[in-house]
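Take a look at the structure below.
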Amino acid sequence: MDLPVAVQESGLPGGPVLLLLAGQANSHVWWTGLRETFEDRFRVVTFDYRGTGGSRGPVGDWSTVLFAEDAAAVLRSVTDAPAAVYGTSMGGRVAQHLAARHPELVDRLVLACTSPGGPHALERTPEIRRRLADPATNARTLRKLFYTDAWTGESHLFGDPTMTAAEGVAHLRASNRHDAWDVLPLIQAPTLVLHGTEDLMVPSANAPLLAGRIPGAALHWTEGGRHGFFDEFAAELAPVLDTFLS
């Protein structure tokens, strides 16, 4: 790597590795309150993407392919065995390239609230884009896009506040340019696609596109879930993830 990448480990020493990949413009803090649910049976590994947390340096023309190469380097540094990988949002985009380009590193793959990108994907509407770009409404918009009105918890999903404007733009560009359509059939790991039925941030129509493109992939819906469904409905998803990952 051409800049130092901060890696975090927790959980079962010597256990099988579970790599958790966060969403766009977020560090490992994204997984606060969620990584703990895996720590009794996995060696849980996260890392800070370039431009977030402890991974800082010159801002470049970053991409989900580059982030996937960083993820591959992290896995090689922590284990000699294939790992389970759970990617959410942009992390799911990174995970697609990781699993397709480095099949020897990925034992099982979970892709949540994510998209194949490119011309085959269904993008969020112009109205959602406008609201997200407006500083006056951004915070309220994120809250409504990620969680239902019934949710009352504290979220760690709304971005790394230490990022510079240039770092934020570089992350947005990397996510927007993602296109894994041609490499998705190369994924060999058993794959579980998760999505909330009411996700407008990454529209839920992308889930069957992914499941249909990845050989043998399974699809599980969370009824009523929005973009942060994996957080809000974590208790409901726990048995689904336990069954798949074990």
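Order determines the names: the first chain of the structure tokens is A, the second B, and so forth; residues in each chain are numbered 1 upward, and ligands are numbered 1 upward as they are shown.
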
ask   = Can you list, as an MDAnalysis selection string, every residue of segment 80-169 of chain A that DSSP puts in strand (DSSP E)?
value = chainID A and resid 83:88 106:112

Using only N, CA, C and O atoms, please write the residues we just selected to a file, as a short mmCIF file (atom, residue, chain, number, x, y, z; two decimals), in the first residue's frame.
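Listing of out_2.cif after writing:
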data_model
loop_
_atom_site.label_atom_id
_atom_site.label_comp_id
_atom_site.auth_asym_id
_atom_site.auth_seq_id
_atom_site.Cartn_x
_atom_site.Cartn_y
_atom_site.Cartn_z
N ALA A 83 -11.36 -15.97 4.28
CA ALA A 83 -12.15 -15.30 5.32
C ALA A 83 -13.59 -15.11 4.86
O ALA A 83 -13.88 -15.06 3.65
N ALA A 84 -14.48 -14.97 5.83
CA ALA A 84 -15.83 -14.50 5.53
C ALA A 84 -15.77 -12.98 5.38
O ALA A 84 -15.04 -12.30 6.10
N VAL A 85 -16.54 -12.46 4.44
CA VAL A 85 -16.55 -11.02 4.16
C VAL A 85 -17.99 -10.54 4.15
O VAL A 85 -18.85 -11.11 3.49
N TYR A 86 -18.24 -9.46 4.90
CA TYR A 86 -19.57 -8.86 5.01
C TYR A 86 -19.43 -7.39 4.65
O TYR A 86 -18.86 -6.60 5.40
N GLY A 87 -19.95 -7.02 3.48
CA GLY A 87 -19.84 -5.64 3.02
C GLY A 87 -21.20 -4.99 2.91
O GLY A 87 -22.16 -5.58 2.41
N THR A 88 -21.30 -3.76 3.39
CA THR A 88 -22.55 -3.01 3.39
C THR A 88 -22.38 -1.73 2.58
O THR A 88 -21.37 -1.04 2.69
N VAL A 106 -11.62 -15.33 -0.13
CA VAL A 106 -12.99 -15.17 0.37
C VAL A 106 -13.68 -16.53 0.46
O VAL A 106 -13.86 -17.22 -0.55
N ASP A 107 -14.09 -16.88 1.66
CA ASP A 107 -14.75 -18.15 1.92
C ASP A 107 -16.26 -18.04 1.80
O ASP A 107 -16.93 -18.91 1.25
N ARG A 108 -16.81 -16.96 2.35
CA ARG A 108 -18.24 -16.67 2.25
C ARG A 108 -18.41 -15.17 2.10
O ARG A 108 -17.60 -14.40 2.62
N LEU A 109 -19.48 -14.77 1.43
CA LEU A 109 -19.66 -13.36 1.08
C LEU A 109 -21.08 -12.93 1.40
O LEU A 109 -22.05 -13.57 0.98
N VAL A 110 -21.19 -11.82 2.15
CA VAL A 110 -22.50 -11.20 2.41
C VAL A 110 -22.46 -9.80 1.83
O VAL A 110 -21.56 -9.01 2.12
N LEU A 111 -23.45 -9.49 1.00
CA LEU A 111 -23.56 -8.18 0.36
C LEU A 111 -24.88 -7.55 0.79
O LEU A 111 -25.96 -8.08 0.49
N ALA A 112 -24.81 -6.43 1.50
CA ALA A 112 -26.01 -5.80 2.03
C ALA A 112 -26.19 -4.39 1.49
O ALA A 112 -25.22 -3.63 1.38
#

ask   = If you count only C-alpha atoms, which residues fall within 9 Å of Ala218 of chain A, apart from same-chain ones fewer than 6 positions away, as a list in words?
value =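 Within the cut-off, the hits are Pro190, Thr191, Leu192, Val193, Leu194, Ala211 and Gly212 of chain A.
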
Output N, CA and C atoms for every residue in the selection just made, as an mmCIF file, in the first residue's frame.
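Full text of again_5.cif as output:
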data_model
loop_
_atom_site.group_PDB
_atom_site.id
_atom_site.type_symbol
_atom_site.label_atom_id
_atom_site.label_comp_id
_atom_site.auth_asym_id
_atom_site.auth_seq_id
_atom_site.Cartn_x
_atom_site.Cartn_y
_atom_site.Cartn_z
ATOM 1 N N PRO A 190 -19.789 -18.861 -1.759
ATOM 2 C CA PRO A 190 -21.226 -18.801 -1.476
ATOM 3 C C PRO A 190 -21.602 -17.385 -1.050
ATOM 4 N N THR A 191 -22.675 -16.865 -1.636
ATOM 5 C CA THR A 191 -23.012 -15.444 -1.452
ATOM 6 C C THR A 191 -24.443 -15.280 -0.975
ATOM 7 N N LEU A 192 -24.608 -14.387 -0.001
ATOM 8 C CA LEU A 192 -25.921 -14.013 0.508
ATOM 9 C C LEU A 192 -26.125 -12.526 0.258
ATOM 10 N N VAL A 193 -27.171 -12.176 -0.464
ATOM 11 C CA VAL A 193 -27.508 -10.784 -0.743
ATOM 12 C C VAL A 193 -28.635 -10.375 0.204
ATOM 13 N N LEU A 194 -28.424 -9.282 0.940
ATOM 14 C CA LEU A 194 -29.402 -8.758 1.887
ATOM 15 C C LEU A 194 -29.836 -7.361 1.448
ATOM 16 N N ALA A 211 -28.117 -10.866 -7.046
ATOM 17 C CA ALA A 211 -28.344 -12.285 -6.785
ATOM 18 C C ALA A 211 -28.439 -13.083 -8.080
ATOM 19 N N GLY A 212 -28.972 -12.466 -9.114
ATOM 20 C CA GLY A 212 -29.078 -13.159 -10.386
ATOM 21 C C GLY A 212 -27.784 -13.232 -11.162
#

Hey, which bits of segment 66-89 of chain A sit within 12 Å of segment 165-175 of chain A, and for each residue what's the closest pair of atoms and how far apart in Å (one decimal), counting only C-alpha atoms, rows by chain and increasing number, as JSON lines?
{"residue": "A:Leu66", "atom": "CA", "partner": "A:Ala174", "partner_atom": "CA", "distance": 9.0}
{"residue": "A:Phe67", "atom": "CA", "partner": "A:Ala174", "partner_atom": "CA", "distance": 9.0}
{"residue": "A:Ala68", "atom": "CA", "partner": "A:Ala174", "partner_atom": "CA", "distance": 11.4}
{"residue": "A:Ser89", "atom": "CA", "partner": "A:Ser175", "partner_atom": "CA", "distance": 9.2}

query = Of the residues A:Gly14, A:Val5, A:Arg131, A:Tyr147, which is the one nearest to Ala71 of chain A, using only C-alpha atoms?
reply =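 Between A:Gly14, A:Val5, A:Arg131, A:Tyr147, the residue approaching Ala71 of chain A most closely is A:Val5.
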
Surrounding residues of Leu132 of chain A excluding itself and chain neighbours under 3 positions, 12 Å, only C-alpha atoms, as an mmCIF file with C-alpha atoms, in the first residue's frame:
data_model
loop_
_atom_site.group_PDB
_atom_site.id
_atom_site.type_symbol
_atom_site.label_atom_id
_atom_site.label_comp_id
_atom_site.auth_asym_id
_atom_site.auth_seq_id
_atom_site.Cartn_x
_atom_site.Cartn_y
_atom_site.Cartn_z
ATOM 1 C CA ARG A 124 -31.349 6.791 -6.514
ATOM 2 C CA THR A 125 -33.708 9.398 -7.894
ATOM 3 C CA PRO A 126 -32.682 12.974 -8.735
ATOM 4 C CA GLU A 127 -34.888 14.177 -5.854
ATOM 5 C CA ILE A 128 -32.964 12.045 -3.337
ATOM 6 C CA ARG A 129 -29.675 13.284 -4.787
ATOM 7 C CA PRO A 135 -26.651 21.064 3.685
ATOM 8 C CA ALA A 136 -29.910 22.349 5.146
ATOM 9 C CA THR A 137 -31.673 18.997 4.723
ATOM 10 C CA ASN A 138 -28.808 16.491 4.582
ATOM 11 C CA ALA A 139 -28.975 15.297 8.196
ATOM 12 C CA ARG A 140 -32.762 14.834 8.137
ATOM 13 C CA THR A 141 -32.554 13.153 4.753
ATOM 14 C CA LEU A 142 -29.935 10.651 5.940
ATOM 15 C CA ARG A 143 -32.017 9.833 9.005
ATOM 16 C CA LYS A 144 -35.074 9.092 6.880
ATOM 17 C CA LEU A 145 -33.155 7.163 4.236
ATOM 18 C CA PHE A 158 -23.664 8.989 8.887
ATOM 19 C CA LEU A 200 -34.267 4.475 -1.539
ATOM 20 C CA MET A 201 -30.570 5.287 -0.980
#

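Distances here use only C-alpha atoms; by that measure, the residue among A:Phe233, A:Asp2, A:Leu12, A:Gly216 closest to Trp151 of chain A is A:Phe233.
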
key: Residues within 8 Å of Trp31 of chain A, only C-alpha atoms, excluding chain neighbours under 3 positions, as a ChimeraX atom specification   = /A:20,22,28,34-35,156

message = Please identify the helix (DSSP H, G or I) residues within segment 74-157 of chain A (assignment by DSSP from backbone atoms) and present them as JSON, numbers by chain.
response = {"A": [74, 75, 76, 77, 78, 90, 91, 92, 93, 94, 95, 96, 97, 98, 99, 100, 101, 103, 104, 105, 118, 119, 120, 126, 127, 128, 129, 130, 131, 132, 133, 138, 139, 140, 141, 142, 143, 144, 145, 146]}

Generate a file of the selected residues that holds N, CA and C atoms, formatted as a compact mmCIF listing (two decimals), in the first residue's frame.
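Written file, part-v7.txt:
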# COMPACT_ATOMS: atom_id res chain seq x y z
N VAL A 74 -5.04 -6.36 3.52
CA VAL A 74 -5.38 -6.52 4.94
C VAL A 74 -5.60 -7.99 5.26
N LEU A 75 -6.37 -8.69 4.44
CA LEU A 75 -6.62 -10.11 4.70
C LEU A 75 -5.33 -10.91 4.69
N ARG A 76 -4.46 -10.64 3.74
CA ARG A 76 -3.20 -11.38 3.68
C ARG A 76 -2.33 -11.11 4.90
N SER A 77 -2.50 -9.94 5.49
CA SER A 77 -1.68 -9.58 6.65
C SER A 77 -2.19 -10.22 7.94
N VAL A 78 -3.45 -10.66 7.97
CA VAL A 78 -4.01 -11.16 9.23
C VAL A 78 -4.29 -12.65 9.23
N MET A 90 -21.32 0.94 0.15
CA MET A 90 -20.11 0.93 -0.66
C MET A 90 -19.21 -0.23 -0.29
N GLY A 91 -19.25 -0.66 0.97
CA GLY A 91 -18.47 -1.82 1.36
C GLY A 91 -18.87 -3.07 0.61
N GLY A 92 -20.16 -3.16 0.24
CA GLY A 92 -20.61 -4.26 -0.59
C GLY A 92 -20.05 -4.16 -2.00
N ARG A 93 -19.87 -2.96 -2.48
CA ARG A 93 -19.26 -2.76 -3.80
C ARG A 93 -17.79 -3.18 -3.77
N VAL A 94 -17.11 -2.78 -2.71
CA VAL A 94 -15.72 -3.19 -2.53
C VAL A 94 -15.63 -4.71 -2.43
N ALA A 95 -16.55 -5.31 -1.68
CA ALA A 95 -16.54 -6.76 -1.49
C ALA A 95 -16.75 -7.51 -2.79
N GLN A 96 -17.54 -6.96 -3.70
CA GLN A 96 -17.75 -7.60 -5.00
C GLN A 96 -16.42 -7.76 -5.74
N HIS A 97 -15.66 -6.69 -5.80
CA HIS A 97 -14.37 -6.76 -6.50
C HIS A 97 -13.38 -7.65 -5.74
N LEU A 98 -13.41 -7.59 -4.42
CA LEU A 98 -12.52 -8.44 -3.63
C LEU A 98 -12.77 -9.91 -3.93
N ALA A 99 -14.04 -10.32 -3.88
CA ALA A 99 -14.36 -11.73 -4.09
C ALA A 99 -14.13 -12.17 -5.53
N ALA A 100 -14.38 -11.28 -6.48
CA ALA A 100 -14.21 -11.64 -7.89
C ALA A 100 -12.74 -11.71 -8.29
N ARG A 101 -11.94 -10.79 -7.77
CA ARG A 101 -10.54 -10.70 -8.17
C ARG A 101 -9.61 -11.55 -7.31
N PRO A 103 -10.52 -14.74 -5.39
CA PRO A 103 -11.41 -15.79 -4.86
C PRO A 103 -10.75 -16.65 -3.79
N GLU A 104 -9.43 -16.73 -3.81
CA GLU A 104 -8.73 -17.54 -2.81
C GLU A 104 -8.78 -16.93 -1.42
N LEU A 105 -9.18 -15.66 -1.32
CA LEU A 105 -9.21 -14.97 -0.02
C LEU A 105 -10.58 -14.98 0.64
N GLY A 118 -22.72 0.74 -12.46
CA GLY A 118 -22.70 0.77 -13.91
C GLY A 118 -24.09 0.90 -14.52
N PRO A 119 -24.18 0.71 -15.83
CA PRO A 119 -25.45 0.95 -16.53
C PRO A 119 -26.57 -0.02 -16.18
N HIS A 120 -26.23 -1.16 -15.57
CA HIS A 120 -27.25 -2.14 -15.21
C HIS A 120 -27.93 -1.81 -13.88
N PRO A 126 -33.23 11.61 -8.81
CA PRO A 126 -32.68 12.97 -8.74
C PRO A 126 -33.15 13.74 -7.49
N GLU A 127 -34.38 13.49 -7.04
CA GLU A 127 -34.89 14.18 -5.85
C GLU A 127 -34.09 13.78 -4.61
N ILE A 128 -33.78 12.50 -4.47
CA ILE A 128 -32.96 12.05 -3.34
C ILE A 128 -31.57 12.66 -3.43
N ARG A 129 -31.01 12.69 -4.60
CA ARG A 129 -29.68 13.28 -4.79
C ARG A 129 -29.69 14.76 -4.39
N ARG A 130 -30.74 15.47 -4.80
CA ARG A 130 -30.84 16.89 -4.48
C ARG A 130 -30.90 17.11 -2.98
N ARG A 131 -31.71 16.32 -2.29
CA ARG A 131 -31.86 16.47 -0.85
C ARG A 131 -30.56 16.13 -0.12
N LEU A 132 -29.85 15.13 -0.60
CA LEU A 132 -28.58 14.77 0.04
C LEU A 132 -27.52 15.85 -0.16
N ALA A 133 -27.61 16.56 -1.28
CA ALA A 133 -26.62 17.60 -1.58
C ALA A 133 -26.90 18.92 -0.88
N ASN A 138 -29.59 17.74 4.67
CA ASN A 138 -28.81 16.49 4.58
C ASN A 138 -28.99 15.58 5.79
N ALA A 139 -28.88 16.13 6.99
CA ALA A 139 -28.97 15.30 8.20
C ALA A 139 -30.35 14.64 8.31
N ARG A 140 -31.41 15.40 8.07
CA ARG A 140 -32.76 14.83 8.14
C ARG A 140 -32.98 13.80 7.04
N THR A 141 -32.42 14.09 5.87
CA THR A 141 -32.55 13.15 4.75
C THR A 141 -31.87 11.83 5.06
N LEU A 142 -30.64 11.88 5.59
CA LEU A 142 -29.94 10.65 5.94
C LEU A 142 -30.73 9.84 6.97
N ARG A 143 -31.24 10.53 7.97
CA ARG A 143 -32.02 9.83 9.01
C ARG A 143 -33.20 9.09 8.40
N LYS A 144 -33.90 9.72 7.48
CA LYS A 144 -35.07 9.09 6.88
C LYS A 144 -34.69 8.01 5.88
N LEU A 145 -33.58 8.17 5.20
CA LEU A 145 -33.16 7.16 4.24
C LEU A 145 -32.61 5.91 4.91
N PHE A 146 -32.01 6.06 6.08
CA PHE A 146 -31.37 4.93 6.76
C PHE A 146 -32.31 4.17 7.68

request  = Kindly indicate which residue among A:Pro185, A:Gly153, A:Pro4, A:Pro208 lies nearest to Gly33 of chain A, using only C-alpha atoms for the distances.
outcome  = A:Gly153
